[in-house]
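File shown: structure23.cif. Contents: mmCIF, C-alpha atoms and all ligand atoms.
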```cif
data_protein
loop_
_atom_site.group_PDB
_atom_site.id
_atom_site.type_symbol
_atom_site.label_atom_id
_atom_site.label_comp_id
_atom_site.auth_asym_id
_atom_site.auth_seq_id
_atom_site.Cartn_x
_atom_site.Cartn_y
_atom_site.Cartn_z
ATOM 1 C CA MET A 1 91.825 101.760 116.531
ATOM 2 C CA LEU A 2 90.113 100.681 119.741
ATOM 3 C CA LEU A 3 87.000 98.967 118.392
ATOM 4 C CA THR A 4 87.909 97.180 115.165
ATOM 5 C CA GLY A 5 85.040 95.080 113.799
ATOM 6 C CA LYS A 6 82.610 95.906 116.625
ATOM 7 C CA ARG A 7 78.893 96.447 116.045
ATOM 8 C CA ALA A 8 77.273 99.387 117.805
ATOM 9 C CA ILE A 9 73.858 100.921 118.396
ATOM 10 C CA VAL A 10 73.662 104.642 119.208
ATOM 11 C CA THR A 11 70.382 106.286 120.247
ATOM 12 C CA GLY A 12 69.855 109.970 119.552
ATOM 13 C CA GLY A 13 72.673 109.695 117.062
ATOM 14 C CA SER A 14 71.706 112.253 114.431
ATOM 15 C CA ARG A 15 72.811 115.434 116.197
ATOM 16 C CA GLY A 16 74.947 116.752 119.033
ATOM 17 C CA ILE A 17 76.670 114.332 121.378
ATOM 18 C CA GLY A 18 75.055 111.258 119.785
ATOM 19 C CA ARG A 19 76.286 112.223 116.355
ATOM 20 C CA ALA A 20 79.821 112.671 117.699
ATOM 21 C CA ILE A 21 79.580 109.285 119.444
ATOM 22 C CA SER A 22 78.423 107.596 116.220
ATOM 23 C CA VAL A 23 81.306 109.101 114.254
ATOM 24 C CA GLU A 24 83.927 108.383 116.935
ATOM 25 C CA LEU A 25 82.811 104.754 117.258
ATOM 26 C CA ALA A 26 83.099 104.449 113.470
ATOM 27 C CA ARG A 27 86.538 106.084 113.546
ATOM 28 C CA GLN A 28 87.563 103.452 116.068
ATOM 29 C CA GLY A 29 86.355 100.652 113.768
ATOM 30 C CA CYS A 30 82.634 100.111 114.459
ATOM 31 C CA ASP A 31 79.681 99.743 112.135
ATOM 32 C CA VAL A 32 76.781 101.662 113.650
ATOM 33 C CA VAL A 33 72.990 101.457 113.794
ATOM 34 C CA ILE A 34 71.801 104.998 114.485
ATOM 35 C CA ASN A 35 68.469 105.872 116.062
ATOM 36 C CA TYR A 36 66.971 109.350 115.828
ATOM 37 C CA HIS A 37 63.567 110.987 116.103
ATOM 38 C CA SER A 38 62.036 114.354 115.201
ATOM 39 C CA ARG A 39 58.690 116.010 115.098
ATOM 40 C CA ALA A 40 57.108 115.989 111.657
ATOM 41 C CA ASP A 41 57.480 119.773 111.352
ATOM 42 C CA GLU A 42 61.240 119.367 111.673
ATOM 43 C CA ALA A 43 61.491 116.815 108.893
ATOM 44 C CA GLN A 44 63.908 118.827 106.766
ATOM 45 C CA THR A 45 66.285 119.557 109.648
ATOM 46 C CA ARG A 46 66.123 115.943 110.724
ATOM 47 C CA ASP A 47 66.784 114.544 107.268
ATOM 48 C CA THR A 48 69.793 116.822 106.837
ATOM 49 C CA ALA A 49 71.217 115.886 110.243
ATOM 50 C CA ILE A 50 70.984 112.130 109.794
ATOM 51 C CA SER A 51 72.230 112.318 106.180
ATOM 52 C CA GLU A 52 75.322 114.253 107.260
ATOM 53 C CA THR A 53 76.040 111.768 110.029
ATOM 54 C CA ILE A 54 75.716 108.824 107.648
ATOM 55 C CA ALA A 55 77.949 110.520 105.070
ATOM 56 C CA GLU A 56 80.651 111.146 107.674
ATOM 57 C CA ILE A 57 80.656 107.510 108.774
ATOM 58 C CA THR A 58 80.614 106.183 105.223
ATOM 59 C CA ALA A 59 83.626 108.379 104.427
ATOM 60 C CA LEU A 60 85.448 106.591 107.251
ATOM 61 C CA GLY A 61 84.799 103.283 105.468
ATOM 62 C CA ARG A 62 82.259 102.041 108.007
ATOM 63 C CA ARG A 63 78.557 101.244 107.725
ATOM 64 C CA ALA A 64 75.871 103.528 109.165
ATOM 65 C CA ILE A 65 72.308 102.199 109.292
ATOM 66 C CA PRO A 66 69.628 104.677 110.373
ATOM 67 C CA LEU A 67 66.373 103.880 112.143
ATOM 68 C CA GLU A 68 63.866 106.603 112.933
ATOM 69 C CA GLY A 69 61.766 105.939 116.020
ATOM 70 C CA ASP A 70 60.739 107.262 119.406
ATOM 71 C CA ILE A 71 63.121 105.706 121.910
ATOM 72 C CA ALA A 72 60.491 106.086 124.645
ATOM 73 C CA LEU A 73 58.711 103.123 123.072
ATOM 74 C CA LYS A 74 59.823 99.576 123.799
ATOM 75 C CA ARG A 75 58.997 98.748 120.189
ATOM 76 C CA THR A 76 61.801 101.052 118.976
ATOM 77 C CA ALA A 77 64.339 99.312 121.197
ATOM 78 C CA LEU A 78 63.377 95.896 119.857
ATOM 79 C CA GLU A 79 63.499 97.179 116.261
ATOM 80 C CA LEU A 80 66.975 98.646 116.774
ATOM 81 C CA VAL A 81 68.377 95.393 118.092
ATOM 82 C CA GLU A 82 66.664 93.401 115.348
ATOM 83 C CA LEU A 83 68.174 95.730 112.737
ATOM 84 C CA ALA A 84 71.648 95.325 114.233
ATOM 85 C CA ARG A 85 71.214 91.557 114.140
ATOM 86 C CA ALA A 86 69.902 91.515 110.569
ATOM 87 C CA GLU A 87 72.368 94.026 109.067
ATOM 88 C CA LEU A 88 75.476 93.641 111.225
ATOM 89 C CA GLY A 89 75.061 90.150 112.659
ATOM 90 C CA GLY A 90 74.720 91.310 116.269
ATOM 91 C CA VAL A 91 75.499 94.044 118.752
ATOM 92 C CA ASP A 92 78.635 94.494 120.876
ATOM 93 C CA ILE A 93 78.249 98.110 122.013
ATOM 94 C CA LEU A 94 75.283 100.237 123.003
ATOM 95 C CA ALA A 95 75.543 103.992 123.491
ATOM 96 C CA SER A 96 72.234 104.947 125.093
ATOM 97 C CA ASN A 97 72.314 108.673 124.508
ATOM 98 C CA ALA A 98 68.944 110.047 123.323
ATOM 99 C CA GLY A 99 67.636 112.748 125.602
ATOM 100 C CA ILE A 100 65.536 115.899 125.767
ATOM 101 C CA CYS A 101 65.503 118.843 128.130
ATOM 102 C CA PRO A 102 62.551 121.176 127.518
ATOM 103 C CA PHE A 103 63.353 123.867 130.091
ATOM 104 C CA HIS A 104 60.369 124.748 132.317
ATOM 105 C CA SER A 105 59.683 126.196 135.744
ATOM 106 C CA PHE A 106 58.715 123.764 138.518
ATOM 107 C CA LEU A 107 55.496 125.096 140.057
ATOM 108 C CA ASP A 108 53.568 125.073 136.780
ATOM 109 C CA MET A 109 55.243 122.126 135.061
ATOM 110 C CA PRO A 110 52.800 120.608 132.549
ATOM 111 C CA ALA A 111 52.250 116.898 133.100
ATOM 112 C CA GLU A 112 53.093 116.277 129.463
ATOM 113 C CA ALA A 113 56.558 117.832 129.787
ATOM 114 C CA LEU A 114 57.294 115.685 132.830
ATOM 115 C CA GLU A 115 55.990 112.468 131.312
ATOM 116 C CA THR A 116 57.667 112.937 127.927
ATOM 117 C CA THR A 117 61.014 113.752 129.527
ATOM 118 C CA ILE A 118 60.886 110.702 131.778
ATOM 119 C CA GLY A 119 59.690 108.592 128.835
ATOM 120 C CA VAL A 120 62.537 109.517 126.491
ATOM 121 C CA ASN A 121 65.376 109.931 128.980
ATOM 122 C CA LEU A 122 64.768 107.151 131.488
ATOM 123 C CA THR A 123 62.137 104.673 130.284
ATOM 124 C CA GLY A 124 63.724 104.786 126.837
ATOM 125 C CA ALA A 125 67.187 104.127 128.283
ATOM 126 C CA PHE A 126 65.803 101.176 130.225
ATOM 127 C CA TYR A 127 64.182 99.539 127.196
ATOM 128 C CA ILE A 128 67.163 99.858 124.876
ATOM 129 C CA CYS A 129 69.612 98.674 127.555
ATOM 130 C CA GLN A 130 67.387 95.671 128.270
ATOM 131 C CA ALA A 131 66.981 94.797 124.578
ATOM 132 C CA ALA A 132 70.700 95.183 123.773
ATOM 133 C CA ALA A 133 71.709 93.247 126.886
ATOM 134 C CA ASN A 134 69.481 90.332 125.902
ATOM 135 C CA ALA A 135 71.103 90.238 122.465
ATOM 136 C CA MET A 136 74.602 90.394 123.998
ATOM 137 C CA LYS A 137 73.722 87.610 126.447
ATOM 138 C CA ASP A 138 72.423 85.410 123.606
ATOM 139 C CA GLN A 139 75.613 86.032 121.613
ATOM 140 C CA GLY A 140 77.669 84.923 124.615
ATOM 141 C CA THR A 141 80.587 87.240 123.852
ATOM 142 C CA GLY A 142 79.964 90.016 126.378
ATOM 143 C CA GLY A 143 79.522 93.644 125.487
ATOM 144 C CA ALA A 144 79.673 97.235 126.625
ATOM 145 C CA ILE A 145 76.864 99.649 127.434
ATOM 146 C CA VAL A 146 77.625 103.336 127.903
ATOM 147 C CA ALA A 147 74.748 105.627 128.858
ATOM 148 C CA THR A 148 74.744 109.403 128.632
ATOM 149 C CA SER A 149 73.827 110.594 132.112
ATOM 150 C CA SER A 150 74.856 114.125 133.102
ATOM 151 C CA ILE A 151 76.471 116.345 135.683
ATOM 152 C CA SER A 152 72.766 116.990 136.328
ATOM 153 C CA ALA A 153 72.567 113.586 138.003
ATOM 154 C CA LEU A 154 74.579 115.172 140.819
ATOM 155 C CA VAL A 155 73.405 118.802 140.921
ATOM 156 C CA GLY A 156 70.072 120.520 140.314
ATOM 157 C CA GLY A 157 68.569 123.151 138.053
ATOM 158 C CA ALA A 158 65.472 125.247 138.801
ATOM 159 C CA MET A 159 64.250 124.881 135.220
ATOM 160 C CA GLN A 160 65.193 121.207 135.072
ATOM 161 C CA THR A 161 63.188 119.583 137.893
ATOM 162 C CA HIS A 162 61.708 117.121 135.408
ATOM 163 C CA TYR A 163 65.087 116.457 133.774
ATOM 164 C CA THR A 164 67.676 116.053 136.528
ATOM 165 C CA PRO A 165 65.883 113.059 138.130
ATOM 166 C CA THR A 166 66.007 111.258 134.770
ATOM 167 C CA LYS A 167 69.776 111.731 134.618
ATOM 168 C CA ALA A 168 70.183 110.460 138.192
ATOM 169 C CA GLY A 169 67.994 107.553 137.108
ATOM 170 C CA VAL A 170 70.223 106.752 134.125
ATOM 171 C CA HIS A 171 73.277 106.778 136.409
ATOM 172 C CA SER A 172 71.492 104.413 138.806
ATOM 173 C CA LEU A 173 70.330 102.198 135.936
ATOM 174 C CA MET A 174 73.948 101.686 134.854
ATOM 175 C CA GLN A 175 74.986 100.806 138.402
ATOM 176 C CA SER A 176 72.258 98.174 138.804
ATOM 177 C CA ALA A 177 72.658 96.849 135.261
ATOM 178 C CA ALA A 178 76.408 96.462 135.901
ATOM 179 C CA ILE A 179 75.562 94.035 138.703
ATOM 180 C CA ALA A 180 72.855 92.220 136.753
ATOM 181 C CA LEU A 181 74.980 91.860 133.602
ATOM 182 C CA GLY A 182 78.478 91.354 135.015
ATOM 183 C CA PRO A 183 78.056 87.562 134.962
ATOM 184 C CA TYR A 184 77.570 87.771 131.177
ATOM 185 C CA GLY A 185 80.673 89.877 130.614
ATOM 186 C CA ILE A 186 78.588 92.939 129.820
ATOM 187 C CA ARG A 187 80.039 96.162 131.264
ATOM 188 C CA CYS A 188 77.748 99.112 132.028
ATOM 189 C CA ASN A 189 79.012 102.637 132.627
ATOM 190 C CA SER A 190 77.841 106.189 132.219
ATOM 191 C CA VAL A 191 79.327 109.468 131.107
ATOM 192 C CA MET A 192 78.272 112.645 132.865
ATOM 193 C CA PRO A 193 78.737 115.564 130.470
ATOM 194 C CA GLY A 194 78.819 119.075 131.874
ATOM 195 C CA ALA A 195 78.017 122.051 129.669
ATOM 196 C CA ILE A 196 78.344 120.851 126.073
ATOM 197 C CA ALA A 197 77.470 123.138 123.161
ATOM 198 C CA THR A 198 74.586 121.474 121.296
ATOM 199 C CA ASP A 199 71.038 122.287 120.184
ATOM 200 C CA ILE A 200 69.610 121.127 123.524
ATOM 201 C CA ASN A 201 70.816 124.246 125.320
ATOM 202 C CA ARG A 202 71.022 126.725 122.434
ATOM 203 C CA ASP A 203 68.027 128.777 123.643
ATOM 204 C CA ASP A 204 68.986 128.599 127.314
ATOM 205 C CA TRP A 205 72.511 129.810 126.628
ATOM 206 C CA SER A 206 71.401 132.549 124.261
ATOM 207 C CA ASP A 207 71.136 134.636 127.444
ATOM 208 C CA PRO A 208 74.588 136.298 127.476
ATOM 209 C CA GLN A 209 74.567 136.646 131.273
ATOM 210 C CA LYS A 210 73.951 132.951 131.809
ATOM 211 C CA ARG A 211 76.566 132.058 129.253
ATOM 212 C CA ALA A 212 79.187 134.291 130.863
ATOM 213 C CA TYR A 213 78.351 132.889 134.295
ATOM 214 C CA LEU A 214 78.741 129.287 133.125
ATOM 215 C CA ASP A 215 81.901 130.143 131.181
ATOM 216 C CA GLY A 216 83.469 131.528 134.320
ATOM 217 C CA ARG A 217 82.675 128.405 136.315
ATOM 218 C CA ILE A 218 84.510 125.956 134.055
ATOM 219 C CA PRO A 219 88.124 125.517 135.227
ATOM 220 C CA LEU A 220 89.305 124.407 131.770
ATOM 221 C CA GLY A 221 87.943 127.699 130.470
ATOM 222 C CA ARG A 222 85.611 126.569 127.708
ATOM 223 C CA PHE A 223 82.316 124.858 127.005
ATOM 224 C CA GLY A 224 82.609 121.214 126.032
ATOM 225 C CA GLN A 225 82.254 120.008 122.455
ATOM 226 C CA PRO A 226 80.350 116.830 121.568
ATOM 227 C CA GLU A 227 83.666 115.218 120.574
ATOM 228 C CA ASP A 228 84.973 115.667 124.140
ATOM 229 C CA VAL A 229 82.233 113.308 125.314
ATOM 230 C CA ALA A 230 82.420 110.921 122.357
ATOM 231 C CA LYS A 231 86.089 110.081 122.989
ATOM 232 C CA VAL A 232 85.293 109.056 126.564
ATOM 233 C CA VAL A 233 82.385 106.906 125.373
ATOM 234 C CA ALA A 234 84.725 105.122 122.939
ATOM 235 C CA PHE A 235 87.233 104.552 125.742
ATOM 236 C CA LEU A 236 84.581 103.095 128.075
ATOM 237 C CA ALA A 237 83.290 100.872 125.252
ATOM 238 C CA SER A 238 86.773 99.534 124.545
ATOM 239 C CA ASP A 239 88.986 96.891 126.130
ATOM 240 C CA MET A 240 91.078 99.759 127.529
ATOM 241 C CA ALA A 241 88.294 99.936 130.129
ATOM 242 C CA GLY A 242 87.936 96.160 130.382
ATOM 243 C CA TYR A 243 87.845 96.167 134.192
ATOM 244 C CA VAL A 244 85.549 99.198 134.513
ATOM 245 C CA THR A 245 81.871 98.608 135.178
ATOM 246 C CA GLY A 246 79.248 100.469 137.212
ATOM 247 C CA ALA A 247 81.341 103.633 136.926
ATOM 248 C CA ALA A 248 80.314 107.182 136.050
ATOM 249 C CA LEU A 249 82.802 109.555 134.473
ATOM 250 C CA LEU A 250 82.314 113.323 134.597
ATOM 251 C CA VAL A 251 83.253 115.005 131.297
ATOM 252 C CA ASP A 252 82.780 118.594 132.389
ATOM 253 C CA GLY A 253 86.068 120.518 132.273
ATOM 254 C CA GLY A 254 86.011 120.575 136.077
ATOM 255 C CA LEU A 255 82.627 122.328 136.389
ATOM 256 C CA TYR A 256 81.270 120.023 139.105
ATOM 257 C CA VAL A 257 84.122 120.490 141.579
ATOM 258 C CA ASN A 258 84.281 124.279 141.214
ATOM 259 C CA LEU A 259 82.500 125.528 144.314
ATOM 260 C CA GLN A 260 84.451 128.755 144.749
HETATM 261 N N1 LIG B 1 74.447 119.235 125.823
HETATM 262 C C1 LIG B 1 74.707 119.163 127.129
HETATM 263 O O1 LIG B 1 75.184 120.115 127.768
HETATM 264 C C2 LIG B 1 74.425 117.890 127.853
HETATM 265 C C3 LIG B 1 73.708 116.860 127.310
HETATM 266 N N2 LIG B 1 73.498 115.714 128.031
HETATM 267 C C4 LIG B 1 72.765 114.588 127.478
HETATM 268 O O2 LIG B 1 73.357 114.216 126.252
HETATM 269 C C5 LIG B 1 72.394 113.560 125.442
HETATM 270 C C6 LIG B 1 72.442 114.158 124.046
HETATM 271 O O3 LIG B 1 72.085 115.527 124.146
HETATM 272 P P1 LIG B 1 72.574 116.617 123.096
HETATM 273 O O4 LIG B 1 73.422 116.001 122.076
HETATM 274 O O5 LIG B 1 73.086 117.744 123.875
HETATM 275 O O6 LIG B 1 71.157 117.046 122.476
HETATM 276 P P2 LIG B 1 70.681 117.312 120.973
HETATM 277 O O7 LIG B 1 69.355 117.957 121.110
HETATM 278 O O8 LIG B 1 71.743 117.977 120.181
HETATM 279 O O9 LIG B 1 70.497 115.837 120.367
HETATM 280 C C7 LIG B 1 69.481 115.007 120.860
HETATM 281 C C8 LIG B 1 69.451 113.727 120.066
HETATM 282 O O10 LIG B 1 68.449 112.881 120.644
HETATM 283 C C9 LIG B 1 67.514 112.527 119.633
HETATM 284 N N3 LIG B 1 66.186 112.363 120.206
HETATM 285 C C10 LIG B 1 65.411 113.297 120.811
HETATM 286 N N4 LIG B 1 64.242 112.742 121.196
HETATM 287 C C11 LIG B 1 64.295 111.437 120.814
HETATM 288 C C12 LIG B 1 63.394 110.345 120.905
HETATM 289 N N5 LIG B 1 62.186 110.472 121.476
HETATM 290 N N6 LIG B 1 63.770 109.156 120.389
HETATM 291 C C13 LIG B 1 64.969 109.009 119.785
HETATM 292 N N7 LIG B 1 65.867 109.995 119.668
HETATM 293 C C14 LIG B 1 65.522 111.196 120.183
HETATM 294 C C15 LIG B 1 67.580 113.627 118.601
HETATM 295 O O11 LIG B 1 67.108 113.123 117.373
HETATM 296 P P3 LIG B 1 66.571 114.144 116.187
HETATM 297 O O12 LIG B 1 67.786 114.796 115.633
HETATM 298 O O13 LIG B 1 65.905 113.277 115.206
HETATM 299 O O14 LIG B 1 65.676 115.112 116.890
HETATM 300 C C16 LIG B 1 69.070 113.937 118.615
HETATM 301 O O15 LIG B 1 69.765 113.008 117.820
HETATM 302 C C17 LIG B 1 71.055 113.731 126.154
HETATM 303 O O16 LIG B 1 70.745 112.545 126.849
HETATM 304 C C18 LIG B 1 71.317 114.860 127.140
HETATM 305 O O17 LIG B 1 70.499 114.755 128.270
HETATM 306 C C19 LIG B 1 74.001 115.559 129.277
HETATM 307 C C20 LIG B 1 74.712 116.553 129.847
HETATM 308 C C21 LIG B 1 74.975 117.791 129.193
HETATM 309 C C1 LIG B 2 70.556 120.964 128.617
HETATM 310 C C2 LIG B 2 71.430 121.591 129.639
HETATM 311 O O1 LIG B 2 72.031 122.751 129.189
HETATM 312 C C3 LIG B 2 72.524 120.692 130.027
HETATM 313 O O2 LIG B 2 72.024 119.387 130.184
HETATM 314 C C4 LIG B 2 72.656 118.835 131.136
HETATM 315 O O3 LIG B 2 72.470 117.688 131.483
HETATM 316 C C5 LIG B 2 73.619 119.775 131.733
HETATM 317 O O4 LIG B 2 73.596 119.700 133.072
HETATM 318 C C6 LIG B 2 73.180 121.079 131.270
HETATM 319 O O5 LIG B 2 72.246 121.616 132.173
#
```

Final structure tokens representation of the file:
Amino acid sequence: MLLTGKRAIVTGGSRGIGRAISVELARQGCDVVINYHSRADEAQTRDTAISETIAEITALGRRAIPLEGDIALKRTALELVELARAELGGVDILASNAGICPFHSFLDMPAEALETTIGVNLTGAFYICQAAANAMKDQGTGGAIVATSSISALVGGAMQTHYTPTKAGVHSLMQSAAIALGPYGIRCNSVMPGAIATDINRDDWSDPQKRAYLDGRIPLGRFGQPEDVAKVVAFLASDMAGYVTGAALLVDGGLYVNLQ
């Protein structure tokens, strides 16, 4: 195990990549505070998702402590860190992962779609990184922050003009935070997933033509699974990456480098 006895916070941890990160961190020895958030009309789906995640972690013999809350709000970040302190005695690892991507064309982008996407993906990442870093600094034992950026930090998407800048922003946040927090022994890195099969892109990829096109562009010949990303997050959070900070790691099956 890479992370025996560590205490972690994972945002957006009920489904998809965040769920896989929560479970992998537990498999590697962490207890985990898990943040999630759903619209009221999705309550049943949400409750099932978080319950399944908790059950999986409990079966591994680790603790899973859920906290529902909108990560765009600073209040949620402070509550998450307070919960980790109260229940686990502190926080050693943060996986800042929560994100949304409501696909929309550029020229008629509603202000609300833009502002919500920036709020959850970038402002939310800032607040939780700041709150966790303050706790790690106070503890005096260092820590590791791994943010979920994206291949979309490096390349664009016509239906993602509100989204790709947030992922570039998360990448940049980790670079600057690595400098600010290095003196406290806190490492900050990001993962850049490529095309990973989760709910976020289910509708977009229901178009068979788009799916076939993407399929053909991935040198490793398959879409990624959430677990492909989670393993890299666990590595970056661990002492195996003890001299890695300010780095970004593509987890994309080679998609980014495949020009022709
Ligand atoms: N899938 C992909 O191809 C890629 C994904 N990414 C990034 O990976 C991250 C995870 O995405 P993915 O797993 O695919 O998406 P999913 O839609 O499967 O999961 C999103 C998670 O984020 C949570 N969430 C959504 N909004 C909020 C909010 N306001 N506050 C707190 N939690 C919230 C959801 O909680 P709930 O279940 O309660 O709704 C859920 O746990 C995102 O940052 C995304 O940008 C990056 C590159 C590629
Ligand atoms: C949601 C998209 O399918 C997914 O999100 C990303 O960040 C990737 O670049 C894909 O576009």

For the interface of chain A with ligand LIG 2 (chain B) (cut-off 10 Å, counting all atoms listed in the file), please tabulate each contacting residue of chain A alongside its nearest pair of atoms and their separation in Å to one decimal, rows sorted by chain and increasing number, as a tab-separated table.
```
residue	atom	partner	partner_atom	distance
A:Gly99	CA	B:LIG2	O3	9.1
A:Ile100	CA	B:LIG2	C1	7.7
A:Cys101	CA	B:LIG2	C1	5.5
A:Pro102	CA	B:LIG2	C1	8.1
A:Phe103	CA	B:LIG2	C1	7.9
A:Thr148	CA	B:LIG2	O3	9.1
A:Ser149	CA	B:LIG2	O3	7.2
A:Ser150	CA	B:LIG2	O3	4.6
A:Ile151	CA	B:LIG2	O4	5.1
A:Ser152	CA	B:LIG2	O4	4.3
A:Ala153	CA	B:LIG2	O3	7.7
A:Leu154	CA	B:LIG2	O4	9.0
A:Val155	CA	B:LIG2	O4	7.9
A:Gly156	CA	B:LIG2	O4	8.1
A:Gly157	CA	B:LIG2	O5	7.1
A:Met159	CA	B:LIG2	O5	9.2
A:Gln160	CA	B:LIG2	O5	7.6
A:Tyr163	CA	B:LIG2	O3	7.8
A:Thr164	CA	B:LIG2	O3	7.1
A:Thr166	CA	B:LIG2	O3	9.7
A:Lys167	CA	B:LIG2	O3	7.3
A:Met192	CA	B:LIG2	O3	7.8
A:Pro193	CA	B:LIG2	O3	6.7
A:Gly194	CA	B:LIG2	C5	5.2
A:Ala195	CA	B:LIG2	C6	5.2
A:Ile196	CA	B:LIG2	C3	7.0
A:Ala197	CA	B:LIG2	O1	8.1
A:Thr198	CA	B:LIG2	C1	8.4
A:Asp199	CA	B:LIG2	C1	8.5
A:Ile200	CA	B:LIG2	C1	5.2
A:Asn201	CA	B:LIG2	O1	4.3
A:Arg202	CA	B:LIG2	O1	7.9
A:Asp203	CA	B:LIG2	O1	9.1
A:Asp204	CA	B:LIG2	O1	6.9
A:Trp205	CA	B:LIG2	O1	7.5
A:Asp252	CA	B:LIG2	C5	9.3
A:Leu255	CA	B:LIG2	O4	10.0
A:Tyr256	CA	B:LIG2	O4	9.8
```

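Counting all atoms listed in the file, the residue from A:Ala135, A:Leu78, A:Asn97, A:Lys6 that sits nearest to Val229 (chain A) is A:Asn97.
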
Under the PyMOL selection byres (((chain A and resi 223) around 8) and not hetatm), which residues of this model are included? Write them out as a PDB file with C-alpha atoms, in the coordinates of the input.
```pdb
ATOM      1  CA  ALA A 195      78.017 122.051 129.669  1.00  0.00           C
ATOM      2  CA  ILE A 196      78.344 120.851 126.073  1.00  0.00           C
ATOM      3  CA  ALA A 197      77.470 123.138 123.161  1.00  0.00           C
ATOM      4  CA  ASP A 215      81.901 130.143 131.181  1.00  0.00           C
ATOM      5  CA  ILE A 218      84.510 125.956 134.055  1.00  0.00           C
ATOM      6  CA  GLY A 221      87.943 127.699 130.470  1.00  0.00           C
ATOM      7  CA  ARG A 222      85.611 126.569 127.708  1.00  0.00           C
ATOM      8  CA  GLY A 224      82.609 121.214 126.032  1.00  0.00           C
ATOM      9  CA  GLN A 225      82.254 120.008 122.455  1.00  0.00           C
ATOM     10  CA  GLY A 253      86.068 120.518 132.273  1.00  0.00           C
TER      11      GLY A 253
END
```

>> Residue by residue, what does the PyMOL selection byres (((chain A and resi 184-191) around 8) and not hetatm) grab here? Present the result as a PyMOL selection string.
In response: chain A and resi 133+136-137+140-150+170-171+174-175+177-178+181-183+192-193+229+232-233+236+242+244-251

>> Could you list, as an MDAnalysis selection string, every residue matched by the PyMOL selection byres (((chain A and resi 81) around 9) and not hetatm) in this structure?
In response: chainID A and resid 9 33 76:80 82:86 90:91 128 131:132 135

>> I need the residue nearest ligand LIG 1 (chain B) from this list: A:Cys30, A:Ile179, A:Leu220, A:Ala230. Use only C-alpha atoms and all ligand atoms for the distance.
In response: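 Selected residue with least distance to ligand LIG 1 (chain B): A:Ala230.
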
> Just how far from atom C21 of ligand LIG 1 (chain B) is CA of Gly216 (chain A), in Å to one decimal?
Replying inline: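 For CA of Gly216 (chain A) relative to atom C21 of ligand LIG 1 (chain B), the distance reads 16.9 Å.
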
Per-axis box centre and lengths in Å around ligand LIG 1 (chain B), 4 Å margin per side, axis-aligned, as lines of an AutoDock Vina configuration file:
```
center_x = 68.7
center_y = 114.6
center_z = 122.5
size_x = 21.0
size_y = 19.1
size_z = 22.6
```

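The space separating CA of Gln130 (chain A) from CA of Ala49 (chain A) comes to 27.4 Å.
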
> Which one of A:Pro219, A:Gly29, A:Gly169, A:Gly16 sits closest to ligand LIG 1 (chain B) if you count all atoms listed in the file?
Replying inline: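 The answer is A:Gly16, which sits nearest to ligand LIG 1 (chain B).
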
>> Which residue is closest to Glu112 (chain A)? Choose from A:Ser51, A:Tyr127, A:His162, A:Ile71 and count all atoms listed in the file.
In response: A:His162

> When distances are computed from all atoms listed in the file, which of A:Arg217, A:Arg15, A:Arg7, A:Arg211 shows the smallest separation from ligand LIG 1 (chain B)?
Replying inline: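 Selected residue with least distance to ligand LIG 1 (chain B): A:Arg15.
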
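The closest residue to Gly119 (chain A), picked from A:Asp138, A:Asp70, A:Asp207, A:Asp31 and counting only C-alpha atoms, is A:Asp70.
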
Reconstruct region 68-75 of chain A at the level of N, CA, C and O atoms, and format the result as a PDB file, keeping the file's coordinate frame.
```
ATOM      1  N   GLU A  68      64.648 105.575 112.262  1.00  0.00           N
ATOM      2  CA  GLU A  68      63.866 106.603 112.933  1.00  0.00           C
ATOM      3  C   GLU A  68      62.879 105.934 113.878  1.00  0.00           C
ATOM      4  O   GLU A  68      62.255 104.929 113.539  1.00  0.00           O
ATOM      5  N   GLY A  69      62.742 106.498 115.081  1.00  0.00           N
ATOM      6  CA  GLY A  69      61.766 105.939 116.020  1.00  0.00           C
ATOM      7  C   GLY A  69      61.883 106.600 117.373  1.00  0.00           C
ATOM      8  O   GLY A  69      62.968 107.037 117.771  1.00  0.00           O
ATOM      9  N   ASP A  70      60.771 106.661 118.075  1.00  0.00           N
ATOM     10  CA  ASP A  70      60.739 107.262 119.406  1.00  0.00           C
ATOM     11  C   ASP A  70      61.312 106.271 120.411  1.00  0.00           C
ATOM     12  O   ASP A  70      60.737 105.204 120.647  1.00  0.00           O
ATOM     13  N   ILE A  71      62.427 106.631 121.011  1.00  0.00           N
ATOM     14  CA  ILE A  71      63.121 105.706 121.910  1.00  0.00           C
ATOM     15  C   ILE A  71      62.332 105.485 123.211  1.00  0.00           C
ATOM     16  O   ILE A  71      62.634 104.547 123.965  1.00  0.00           O
ATOM     17  N   ALA A  72      61.323 106.312 123.456  1.00  0.00           N
ATOM     18  CA  ALA A  72      60.491 106.086 124.645  1.00  0.00           C
ATOM     19  C   ALA A  72      59.668 104.804 124.524  1.00  0.00           C
ATOM     20  O   ALA A  72      59.173 104.290 125.530  1.00  0.00           O
ATOM     21  N   LEU A  73      59.534 104.307 123.303  1.00  0.00           N
ATOM     22  CA  LEU A  73      58.711 103.123 123.072  1.00  0.00           C
ATOM     23  C   LEU A  73      59.560 101.854 123.072  1.00  0.00           C
ATOM     24  O   LEU A  73      60.597 101.798 122.405  1.00  0.00           O
ATOM     25  N   LYS A  74      59.088 100.850 123.764  1.00  0.00           N
ATOM     26  CA  LYS A  74      59.823  99.576 123.799  1.00  0.00           C
ATOM     27  C   LYS A  74      59.996  99.006 122.391  1.00  0.00           C
ATOM     28  O   LYS A  74      61.028  98.407 122.059  1.00  0.00           O
ATOM     29  N   ARG A  75      58.973  99.227 121.572  1.00  0.00           N
ATOM     30  CA  ARG A  75      58.997  98.748 120.189  1.00  0.00           C
ATOM     31  C   ARG A  75      60.257  99.229 119.440  1.00  0.00           C
ATOM     32  O   ARG A  75      60.892  98.482 118.699  1.00  0.00           O
TER      33      ARG A  75
END
```
